[in-house]
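Colleague: Got a structure for you, model.txt, holding compact mmCIF, C-alpha atoms and all ligand atoms.
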# COMPACT_ATOMS: atom_id res chain seq x y z
CA MET A 475 -47.22 -195.33 0.67
CA HIS A 476 -44.55 -192.68 0.14
CA LEU A 477 -42.93 -191.17 3.23
CA ASP A 478 -40.72 -188.12 3.38
CA MET A 479 -39.09 -186.89 6.58
CA ASP A 480 -39.87 -183.21 7.22
CA THR A 481 -36.78 -180.95 7.05
CA PHE A 482 -34.80 -184.08 7.89
CA PHE A 483 -31.32 -182.66 8.57
CA VAL A 484 -32.75 -179.88 10.74
CA SER A 485 -34.99 -182.34 12.61
CA VAL A 486 -31.97 -184.52 13.44
CA GLU A 487 -29.96 -181.47 14.54
CA ARG A 488 -32.85 -180.47 16.82
CA LEU A 489 -32.85 -183.91 18.41
CA LEU A 490 -29.17 -183.45 19.21
CA ASP A 491 -29.60 -179.84 20.34
CA PRO A 492 -33.17 -179.02 21.45
CA SER A 493 -32.32 -175.32 21.80
CA LEU A 494 -32.58 -175.13 17.99
CA THR A 495 -36.32 -175.80 18.14
CA GLY A 496 -38.43 -172.93 16.85
CA ARG A 497 -35.45 -171.00 15.48
CA PRO A 498 -34.49 -170.56 11.81
CA VAL A 499 -31.82 -173.21 11.18
CA ILE A 500 -29.65 -173.63 8.08
CA VAL A 501 -27.58 -176.79 7.65
CA GLY A 502 -24.64 -176.51 5.24
CA GLY A 503 -21.83 -174.62 6.92
CA ALA A 504 -20.83 -171.15 8.00
CA PRO A 505 -22.36 -168.25 6.02
CA TYR A 506 -18.98 -167.14 4.62
CA GLN A 507 -18.14 -170.60 3.28
CA ARG A 508 -18.35 -171.57 -0.39
CA GLY A 509 -20.91 -174.35 0.11
CA VAL A 510 -24.64 -174.54 -0.41
CA VAL A 511 -27.63 -175.04 1.86
CA ALA A 512 -28.10 -178.78 2.50
CA GLY A 513 -31.30 -178.31 4.48
CA CYS A 514 -33.21 -175.59 6.28
CA SER A 515 -36.06 -175.26 8.75
CA ARG A 516 -39.55 -173.90 8.03
CA GLU A 517 -38.61 -170.75 9.95
CA ALA A 518 -35.79 -170.15 7.42
CA ARG A 519 -37.92 -171.05 4.40
CA VAL A 520 -40.29 -168.21 5.30
CA PHE A 521 -37.43 -165.86 4.36
CA GLY A 522 -36.97 -167.55 0.99
CA VAL A 523 -34.07 -169.84 1.93
CA ARG A 524 -34.01 -173.09 -0.09
CA SER A 525 -31.87 -176.22 -0.33
CA GLY A 526 -29.10 -175.93 -2.91
CA MET A 527 -28.82 -172.14 -2.52
CA PRO A 528 -25.33 -170.67 -1.82
CA LEU A 529 -24.79 -170.16 1.92
CA ARG A 530 -23.90 -166.53 1.31
CA ARG A 531 -27.26 -165.90 -0.34
CA ALA A 532 -29.03 -167.68 2.53
CA TYR A 533 -27.23 -165.35 4.94
CA GLU A 534 -28.42 -162.29 3.02
CA LEU A 535 -32.00 -163.56 3.22
CA CYS A 536 -31.92 -164.67 6.83
CA PRO A 537 -28.93 -163.30 8.76
CA ARG A 538 -30.27 -164.29 12.17
CA ALA A 539 -30.49 -168.00 11.27
CA VAL A 540 -28.32 -170.53 13.10
CA PHE A 541 -25.81 -171.93 10.57
CA ILE A 542 -24.64 -175.49 11.22
CA PRO A 543 -22.10 -177.66 9.36
CA PRO A 544 -23.78 -180.86 8.14
CA ASN A 545 -23.18 -184.07 10.05
CA TYR A 546 -23.94 -186.73 7.45
CA ILE A 547 -22.97 -189.56 9.78
CA HIS A 548 -25.83 -188.69 12.12
CA TYR A 549 -28.27 -188.27 9.25
CA ALA A 550 -27.30 -191.65 7.80
CA GLU A 551 -27.72 -193.31 11.21
CA TYR A 552 -31.19 -191.89 11.74
CA SER A 553 -32.11 -192.69 8.15
CA GLU A 554 -31.14 -196.29 8.83
CA ARG A 555 -33.29 -196.40 11.96
CA VAL A 556 -36.31 -195.16 10.02
CA ALA A 557 -35.64 -197.79 7.33
CA GLU A 558 -35.45 -200.52 9.98
CA LEU A 559 -38.79 -199.54 11.53
CA LEU A 560 -40.43 -199.44 8.10
CA ALA A 561 -38.94 -202.77 7.03
CA GLU A 562 -40.43 -204.36 10.17
CA ALA A 563 -43.83 -202.87 9.45
CA ALA A 564 -44.27 -203.65 5.75
CA PRO A 565 -43.23 -206.56 3.54
CA VAL A 566 -41.62 -204.39 0.86
CA CYS A 567 -39.80 -201.18 1.71
CA GLU A 568 -37.69 -199.09 -0.68
CA LYS A 569 -35.21 -196.50 0.54
CA ALA A 570 -35.33 -193.88 -2.19
CA SER A 571 -32.96 -191.39 -0.54
CA VAL A 572 -31.64 -190.43 2.88
CA ASP A 573 -35.10 -189.24 3.97
CA GLU A 574 -37.55 -190.79 1.54
CA PHE A 575 -39.15 -194.23 1.47
CA TYR A 576 -41.79 -196.22 -0.41
CA LEU A 577 -43.82 -199.07 1.06
CA ASP A 578 -45.70 -201.51 -1.17
CA LEU A 579 -49.01 -202.33 0.50
CA SER A 580 -50.55 -204.15 -2.45
CA GLY A 581 -51.56 -207.68 -1.56
CA CYS A 582 -51.72 -206.79 2.13
CA SER A 583 -55.51 -206.45 2.30
CA ARG A 584 -55.79 -209.31 4.79
CA ALA A 585 -53.31 -207.80 7.20
CA ILE A 586 -54.29 -204.20 6.56
CA ALA A 587 -58.05 -203.76 6.58
CA ASP A 588 -58.02 -199.99 6.53
CA GLU A 589 -54.96 -198.58 4.78
CA GLU A 590 -55.42 -195.02 5.96
CA SER A 591 -55.56 -195.85 9.65
CA TRP A 592 -52.70 -198.34 9.20
CA CYS A 593 -50.56 -195.57 7.69
CA SER A 594 -51.39 -193.02 10.34
CA ARG A 595 -50.62 -195.59 13.04
CA LEU A 596 -47.26 -196.30 11.41
CA LYS A 597 -46.52 -192.60 11.28
CA ARG A 598 -47.40 -192.20 14.97
CA GLU A 599 -45.08 -195.09 15.79
CA ILE A 600 -42.12 -193.59 13.90
CA VAL A 601 -42.69 -190.09 15.24
CA GLY A 602 -43.13 -191.52 18.75
CA THR A 603 -40.06 -193.75 18.63
CA LEU A 604 -37.58 -191.49 16.86
CA ARG A 605 -39.17 -188.07 17.50
CA LEU A 606 -38.70 -187.14 13.83
CA PRO A 607 -41.61 -185.55 11.93
CA LEU A 608 -42.67 -186.87 8.53
CA THR A 609 -45.36 -186.58 5.88
CA TYR A 610 -46.83 -189.39 3.81
CA GLY A 611 -48.92 -189.85 0.69
CA LEU A 612 -51.01 -192.86 -0.19
CA ALA A 613 -51.92 -193.72 -3.77
CA ARG A 614 -52.13 -196.42 -6.41
CA ASN A 615 -48.58 -195.81 -7.70
CA LYS A 616 -45.25 -194.29 -6.72
CA LEU A 617 -45.52 -191.11 -8.75
CA VAL A 618 -48.91 -190.07 -7.42
CA ALA A 619 -47.98 -191.03 -3.85
CA LYS A 620 -44.88 -188.83 -4.06
CA VAL A 621 -46.83 -185.86 -5.37
CA ALA A 622 -49.41 -186.48 -2.63
CA THR A 623 -46.64 -186.24 -0.05
CA SER A 624 -45.32 -182.96 -1.40
CA VAL A 625 -48.83 -181.51 -1.48
CA GLY A 626 -49.35 -182.97 1.99
CA LYS A 627 -46.40 -180.96 3.33
CA ARG A 628 -48.78 -178.02 3.27
CA LEU A 629 -52.15 -179.69 3.69
CA GLY A 630 -51.43 -182.75 5.83
CA ASP A 631 -51.13 -186.43 4.88
CA LEU A 632 -53.16 -187.28 1.81
CA ARG A 633 -54.77 -190.27 0.22
CA VAL A 634 -55.54 -190.15 -3.49
CA PRO A 635 -58.47 -192.53 -4.07
CA ASP A 636 -58.07 -195.08 -6.88
CA GLY A 637 -59.25 -193.76 -10.21
CA THR A 638 -58.82 -190.08 -9.29
CA GLU A 639 -55.07 -189.88 -10.03
CA ARG A 640 -55.41 -187.80 -13.17
CA ALA A 641 -57.81 -185.33 -11.59
CA PHE A 642 -55.58 -185.04 -8.53
CA LEU A 643 -52.47 -184.22 -10.56
CA ALA A 644 -54.14 -181.85 -13.06
CA PRO A 645 -53.96 -178.54 -11.15
CA HIS A 646 -50.31 -178.92 -10.04
CA ALA A 647 -47.36 -177.20 -11.72
CA VAL A 648 -45.52 -179.27 -14.34
CA ARG A 649 -42.27 -179.08 -12.42
CA VAL A 650 -43.73 -181.37 -9.78
CA LEU A 651 -43.24 -184.24 -12.26
CA PRO A 652 -39.88 -186.03 -12.15
CA GLY A 653 -37.72 -185.13 -15.15
CA VAL A 654 -39.06 -181.60 -15.56
CA GLY A 655 -36.17 -179.23 -14.90
CA ASP A 656 -35.75 -175.52 -15.49
CA VAL A 657 -35.16 -175.86 -19.24
CA MET A 658 -38.16 -178.04 -19.95
CA GLU A 659 -40.36 -175.97 -17.68
CA ARG A 660 -39.47 -172.85 -19.70
CA GLU A 661 -40.17 -174.63 -22.98
CA LEU A 662 -43.50 -175.93 -21.79
CA THR A 663 -44.48 -172.52 -20.43
CA ALA A 664 -43.60 -170.99 -23.81
CA MET A 665 -46.14 -173.40 -25.37
CA GLY A 666 -48.77 -172.31 -22.87
CA ILE A 667 -48.45 -175.45 -20.75
CA ARG A 668 -48.46 -174.57 -17.06
CA CYS A 669 -50.11 -177.34 -15.14
CA ILE A 670 -50.00 -181.11 -15.38
CA GLY A 671 -53.58 -181.18 -16.69
CA ASP A 672 -52.42 -179.24 -19.79
CA ILE A 673 -50.03 -182.07 -20.67
CA ALA A 674 -52.65 -184.76 -20.01
CA ARG A 675 -55.04 -183.02 -22.40
CA MET A 676 -52.47 -183.00 -25.23
CA ASN A 677 -52.23 -185.71 -27.81
CA ARG A 678 -49.76 -188.34 -26.55
CA ARG A 679 -48.34 -188.99 -30.03
CA LEU A 680 -47.64 -185.31 -30.56
CA PHE A 681 -45.99 -185.05 -27.18
CA THR A 682 -43.89 -188.16 -27.82
CA HIS A 683 -42.86 -186.71 -31.14
CA MET A 684 -41.57 -183.59 -29.39
CA TYR A 685 -39.69 -185.22 -26.53
CA GLY A 686 -39.16 -188.84 -27.54
CA VAL A 687 -39.31 -191.52 -24.85
CA VAL A 688 -39.07 -188.86 -22.13
CA GLY A 689 -42.16 -187.22 -23.60
CA ARG A 690 -44.14 -190.43 -23.60
CA THR A 691 -43.29 -191.13 -19.96
CA LEU A 692 -44.10 -187.55 -19.04
CA HIS A 693 -47.49 -187.82 -20.74
CA GLU A 694 -48.22 -191.08 -18.94
CA HIS A 695 -47.23 -189.52 -15.64
CA ALA A 696 -49.43 -186.51 -16.33
CA CYS A 697 -52.33 -188.95 -16.75
CA GLY A 698 -51.50 -190.51 -13.38
CA VAL A 699 -50.00 -193.67 -14.89
CA ASP A 700 -46.77 -195.05 -13.40
CA GLU A 701 -45.80 -198.68 -13.23
CA THR A 702 -42.37 -198.35 -11.63
CA PRO A 703 -42.05 -201.16 -9.09
CA ILE A 704 -41.01 -200.65 -5.50
CA VAL A 705 -37.49 -202.02 -5.16
CA PRO A 706 -36.90 -203.72 -1.81
CA TYR A 707 -34.04 -202.26 0.17
CA ARG A 708 -31.52 -204.63 1.61
CA ARG A 709 -28.91 -203.18 3.83
CA ARG A 710 -25.45 -204.47 3.11
CA LYS A 711 -24.07 -205.83 6.37
CA SER A 712 -20.39 -206.25 5.64
CA VAL A 713 -17.63 -206.11 3.03
CA GLY A 714 -14.47 -208.19 3.18
CA ALA A 715 -11.47 -209.72 1.44
CA GLU A 716 -8.93 -212.37 2.37
CA CYS A 717 -5.91 -214.01 0.88
CA THR A 718 -4.26 -217.38 1.22
CA PHE A 719 -0.50 -217.25 0.75
CA ALA A 720 0.93 -219.48 -1.98
CA GLU A 721 3.40 -220.65 0.64
CA ASP A 722 2.86 -220.24 4.39
CA VAL A 723 4.79 -217.22 5.65
CA LEU A 724 6.60 -216.28 8.84
CA GLU A 725 7.85 -212.82 7.94
CA PRO A 726 5.62 -210.07 9.48
CA ARG A 727 6.60 -207.64 6.74
CA THR A 728 5.12 -209.91 4.08
CA ILE A 729 1.92 -210.30 6.08
CA LEU A 730 1.67 -206.52 6.55
CA GLY A 731 2.16 -206.07 2.80
CA ALA A 732 -0.80 -208.38 2.24
CA LEU A 733 -2.85 -206.41 4.79
CA ARG A 734 -2.04 -203.21 2.92
CA ASP A 735 -3.45 -204.81 -0.21
CA LEU A 736 -6.56 -206.22 1.51
CA THR A 737 -7.48 -203.00 3.34
CA ALA A 738 -7.04 -201.03 0.11
CA ARG A 739 -9.40 -203.43 -1.68
CA VAL A 740 -12.00 -203.31 1.09
CA ALA A 741 -11.84 -199.50 1.34
CA GLY A 742 -12.10 -199.18 -2.47
CA ASP A 743 -15.14 -201.43 -2.38
CA LEU A 744 -16.72 -199.29 0.35
CA ARG A 745 -16.15 -196.10 -1.61
CA ARG A 746 -17.56 -197.59 -4.79
CA ARG A 747 -20.73 -198.57 -2.95
CA ARG A 748 -20.74 -195.25 -1.07
CA PHE A 749 -20.53 -196.74 2.40
CA LEU A 750 -18.59 -195.91 5.53
CA THR A 751 -17.60 -198.32 8.30
CA ARG A 752 -16.53 -198.10 11.91
CA THR A 753 -15.77 -201.75 12.68
CA LEU A 754 -12.99 -203.90 11.27
CA THR A 755 -12.50 -207.59 11.92
CA PHE A 756 -9.13 -209.13 11.25
CA LYS A 757 -8.70 -212.86 10.72
CA LEU A 758 -5.49 -214.85 10.79
CA ARG A 759 -5.13 -218.57 10.12
CA TYR A 760 -1.93 -220.35 11.06
CA ALA A 761 -0.46 -223.17 8.99
CA ASP A 762 -1.91 -225.66 11.51
CA PHE A 763 -5.38 -224.16 10.84
CA VAL A 764 -5.69 -222.53 14.26
CA THR A 765 -7.67 -219.38 13.47
CA VAL A 766 -7.83 -216.17 15.49
CA THR A 767 -9.89 -213.05 14.94
CA LYS A 768 -9.77 -209.58 16.42
CA THR A 769 -12.18 -206.68 16.07
CA ALA A 770 -11.33 -202.98 16.33
CA HIS A 771 -13.29 -199.75 16.02
CA CYS A 772 -12.68 -196.25 14.69
CA ASP A 773 -14.71 -193.20 13.64
CA TYR A 774 -16.67 -193.81 10.43
CA THR A 775 -14.29 -194.01 7.50
CA GLY A 776 -13.83 -195.22 3.93
CA MET A 777 -10.09 -194.60 3.71
CA ASP A 778 -7.34 -197.20 3.14
CA HIS A 779 -4.85 -195.87 5.65
CA VAL A 780 -7.33 -195.75 8.55
CA LEU A 781 -8.41 -199.35 7.94
CA TYR A 782 -4.80 -200.42 7.49
CA ARG A 783 -3.81 -198.97 10.86
CA LEU A 784 -6.64 -200.88 12.54
CA ALA A 785 -5.70 -204.11 10.77
CA GLU A 786 -2.05 -203.65 11.67
CA ARG A 787 -2.93 -203.11 15.32
CA CYS A 788 -5.11 -206.25 15.37
CA PHE A 789 -2.37 -208.25 13.69
CA CYS A 790 0.22 -207.17 16.25
CA GLU A 791 -2.11 -208.20 19.07
CA VAL A 792 -3.05 -211.65 17.81
CA TYR A 793 0.13 -212.79 16.03
CA THR A 794 1.68 -214.41 19.11
CA ARG A 795 2.86 -217.85 17.98
CA ARG A 796 6.02 -218.61 16.05
CA VAL A 797 4.04 -220.58 13.51
CA ARG A 798 3.78 -219.87 9.81
CA VAL A 799 0.68 -218.04 8.58
CA ARG A 800 -1.57 -219.53 5.93
CA LEU A 801 -4.25 -216.89 5.49
CA VAL A 802 -5.17 -213.35 6.53
CA GLY A 803 -8.51 -211.62 6.02
CA VAL A 804 -10.12 -208.26 6.68
CA SER A 805 -13.82 -207.50 6.83
CA VAL A 806 -15.71 -204.39 7.85
CA SER A 807 -19.23 -204.09 9.30
CA ASP A 808 -21.52 -201.48 10.92
CA LEU A 809 -21.91 -199.90 7.50
CA ILE A 810 -23.79 -196.70 6.87
CA GLU A 811 -24.40 -194.91 3.60
CA ASP A 812 -22.04 -192.06 2.78
CA TYR A 813 -24.03 -188.94 1.92
CA SER A 814 -21.16 -186.50 2.27
CA GLN A 815 -19.80 -184.34 -0.53
CA LEU A 816 -16.34 -183.09 -1.22
CA PRO A 817 -16.79 -179.36 -0.45
CA LEU A 818 -17.85 -180.24 3.08
CA PHE A 819 -14.45 -181.51 4.10
CA ARG A 820 -11.82 -179.10 5.31
CA GLY A 821 -8.05 -178.96 5.10
CA ASP A 822 -6.22 -182.26 5.29
CA GLU A 823 -9.37 -184.30 5.14
CA GLU A 824 -10.40 -182.65 1.88
CA ARG A 825 -6.95 -183.44 0.43
CA LEU A 826 -7.27 -187.08 1.46
CA VAL A 827 -10.75 -187.37 -0.04
CA ARG A 828 -9.36 -185.93 -3.30
CA LEU A 829 -6.41 -188.33 -3.19
CA TYR A 830 -8.63 -191.39 -2.79
CA ARG A 831 -10.97 -190.15 -5.52
CA SER A 832 -8.00 -189.91 -7.87
CA ILE A 833 -6.75 -193.36 -6.92
CA ASP A 834 -10.22 -194.83 -7.49
CA GLU A 835 -10.43 -193.12 -10.88
CA VAL A 836 -7.03 -194.43 -12.00
CA ARG A 837 -8.00 -197.95 -10.91
CA ARG A 838 -11.34 -197.70 -12.67
CA ARG A 839 -9.66 -196.74 -15.93
CA PHE A 840 -6.47 -198.78 -15.86
CA GLY A 841 -7.26 -201.74 -13.60
CA SER A 842 -6.97 -202.44 -9.90
CA GLY A 843 -3.19 -202.95 -10.03
CA ALA A 844 -2.50 -199.59 -11.66
CA VAL A 845 -1.89 -197.88 -8.32
CA THR A 846 -0.68 -199.75 -5.29
CA TYR A 847 1.47 -199.44 -2.18
CA GLY A 848 5.22 -199.86 -2.10
CA SER A 849 4.91 -202.41 0.68
CA VAL A 850 2.61 -204.53 -1.49
CA LEU A 851 5.13 -204.52 -4.34
CA GLU A 852 8.02 -205.14 -1.98
CA GLY A 853 6.37 -208.30 -0.72
CA ARG A 854 5.97 -209.49 -4.28
CA ARG A 855 9.56 -208.69 -5.22
CA CYS A 856 10.80 -210.82 -2.33
CA GLY A 857 9.10 -213.64 -4.12
CA ASP A 858 7.09 -214.63 -1.04
CA PRO A 859 3.44 -214.23 -1.30
CA ALA A 860 2.29 -214.40 -4.92
CA VAL A 861 -0.95 -213.54 -3.15
CA SER A 862 -4.00 -215.25 -4.50
CA PRO A 863 -7.20 -213.19 -4.39
MG MG B 1 -37.59 -184.54 3.30
Once you've parsed the file, please lay out its structure as structure tokens.
Modeller:
Amino acid sequence: MHLDMDTFFVSVERLLDPSLTGRPVIVGGAPYQRGVVAGCSREARVFGVRSGMPLRRAYELCPRAVFIPPNYIHYAEYSERVAELLAEAAPVCEKASVDEFYLDLSGCSRAIADEESWCSRLKREIVGTLRLPLTYGLARNKLVAKVATSVGKRLGDLRVPDGTERAFLAPHAVRVLPGVGDVMERELTAMGIRCIGDIARMNRRLFTHMYGVVGRTLHEHACGVDETPIVPYRRRKSVGAECTFAEDVLEPRTILGALRDLTARVAGDLRRRRFLTRTLTFKLRYADFVTVTKTAHCDYTGMDHVLYRLAERCFCEVYTRRVRVRLVGVSVSDLIEDYSQLPLFRGDEERLVRLYRSIDEVRRRFGSGAVTYGSVLEGRRCGDPAVSP
């Protein structure tokens, strides 16, 4: 089963502001901004507006549309809620993108007697619980199920019966197949190949000869063959780091230097995995092994300095005894995926995103110690921590 949320960003915006219902809506930013359309409603599509199109062009096509800046935090939260409902319903659920999922129903014949009614019940449950519309396709493999969904956007949810995959795909345009972009579509058209059936009818060897491995896969796909497995999605719950001092320390400045280092590592880890967090837990263990923790919240972030400020605040609140400190740790939870893109940030925030990108790039190329904070180095120069990872 392949599920795709209908005009996902717009649907979420309409949940938050019902007055948008029935109106042409374009998510991406103001019409005079440089960005592109991230999502648009059916009412805007009628005028020719499409995702990925410059906002200015969208404005020319549909000036009376409501233009909204994207709120990726909300989209990621709703995406997570859909994923949770699906994971409860089926044994294997893959999250293919922010608004697209695969469920593996093979081997479920005991639990699911009638797949079609099971799927439509699941859809009713999601639509009823979250009030977000979706379309699904049901087929023997991922490729055909996905095409069934995109055809179903116009015709309603579809099931492609086993053994009819090739016939089902044949009349559709070649660009429906994954891997066929503008260039290849033009080349194929020049050879008189327009629909998927034209590829399926060709000799596979000849096609492989023309396009190599890509060509072979494309020919298999055109014949309705796809053996890509469904990869179960496991949500990462938390990310953390801690350090034990080589010698127990009393000096707050040394401890704060270590926190600078830890929060930078945790934030770097978040950015690499493309996550954001809003909850930080700080842990401190005294030399006598008494351990205290403190949790603090902020708006979703993946930036060192925001996490550092939270950690520093927690430290100041819980560091109350005049006893040496053995260990400090920082972990973050309440993670959501980060779907945002650089051009969507404005002003200072854009500069910060650029700064952290550059830092990450330097560290990737020259090692994690290539860029660090003065306070981290200062702690080391004092000879205190010789922090162990
Ligand atoms: Mg969608």
Colleague: Taking only C-alpha atoms and all ligand atoms into account, list the residues no farther than 9 Å from ligand MG 1 (chain B), as a PyMOL selection string.
Modeller: chain A and resi 477-483+513+572-574+608-609
Colleague: Record the distance separating atom CA of A:Ala785 and atom CA of A:Leu826, expressed in Å with one decimal.
Modeller: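 For atom CA of A:Ala785 relative to atom CA of A:Leu826, the distance reads 19.5 Å.
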Colleague: Kindly indicate which residue among A:Cys717, A:Ala770, A:Val486, A:Leu629 lies nearest to A:Ala550, using only C-alpha atoms for the distances.
Modeller: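 Closest to A:Ala550 of all the choices is A:Val486.
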Colleague: Considering all atoms listed in the file, return as an MDAnalysis selection string whatever protein or nucleic-acid residues lie within 12 Å of stretch 660-667 of chain A, sequence-local ones (same chain, fewer than 2 positions apart) excluded.
Modeller: chainID A and resid 644:649 654:658 669:676 681 684:685 689 692 696
Colleague: Using only C-alpha atoms, which residue out of A:Arg734, A:Arg746, A:Ile542, A:Ala557 lies closest to A:Arg838?
Modeller: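 With only C-alpha atoms as the atom set, the closest residue is A:Arg746.
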Colleague: So how far away is atom CA of A:Leu606 from atom CA of A:Phe575, in Å?
Modeller: 14.3 Å
Colleague: For A:Leu596, which residue among A:Val634, A:Leu560, A:Cys567, A:Cys582 is the nearest when counting all atoms listed in the file?
Modeller: A:Leu560
Colleague: Near A:Val566, within 6 Å and counting all atoms listed in the file, which residues show up once chain neighbours fewer than 3 positions away are dropped, as a PDB file with C-alpha atoms, in the frame of the given file?
Modeller:
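Once written, selection-v7.pdb looks like this:
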ATOM      1  CA  LEU A 577     -43.820-199.070   1.060  1.00  0.00           C
ATOM      2  CA  ASP A 578     -45.700-201.510  -1.170  1.00  0.00           C
ATOM      3  CA  PRO A 706     -36.900-203.720  -1.810  1.00  0.00           C
TER       4      PRO A 706
END
Colleague: Mind checking which residues fall within 12 Å of A:Thr769, counting all atoms listed in the file, ignoring those fewer than 2 positions away in the same chain, and posting them as a list in words?
Modeller: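 Everything that qualifies: Arg752, Thr753, Leu754, Thr755, Phe756, Lys757, Leu758, Val766, Thr767, His771, Cys772, Leu781, Leu784, Ala785, Glu786, Arg787, Cys788, Phe789, Glu791, Val792, Gly803, Val804, Ser805, Val806, Ser807 and Asp808 of chain A.
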Colleague: May I ask which of the residues A:Val845, A:Val601, A:Leu643, A:Val827 is the closest one to A:Val621, counting only C-alpha atoms?
Modeller: A:Leu643
Colleague: Quick one: residues within 12 Å of A:Thr603, all atoms listed in the file counted, chain neighbours fewer than 5 positions away excluded, as a VMD selection string?
Modeller: chain A and resid 552 555 to 556 558 to 560 596 to 598
Colleague: Do you have the atom CA of A:Glu568-atom CA of A:Glu554 distance handy?
Modeller: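 Between atom CA of A:Glu568 and atom CA of A:Glu554 the gap works out to 11.9 Å.
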Colleague: Of the candidates A:Arg678, A:Pro703, A:Arg628, A:His548, which one gets nearest to A:Thr691 if we count all atoms listed in the file?
Modeller: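 Of A:Arg678, A:Pro703, A:Arg628, A:His548, the one nearest A:Thr691, counting all atoms listed in the file, is A:Arg678.
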Colleague: Between A:Ala732, A:Ile810, A:Ala761, A:Leu801, single out the one closest to A:Tyr782, counting only C-alpha atoms.
Modeller: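 Smallest distance to A:Tyr782 is found for A:Ala732.
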Colleague: Quick one: residues within 6 Å of stretch 500-508 of chain A, all atoms listed in the file, excluding same-chain residues fewer than 4 positions away - as a ChimeraX atom specification?
Modeller: /A:512-514,529-530,533,541-544
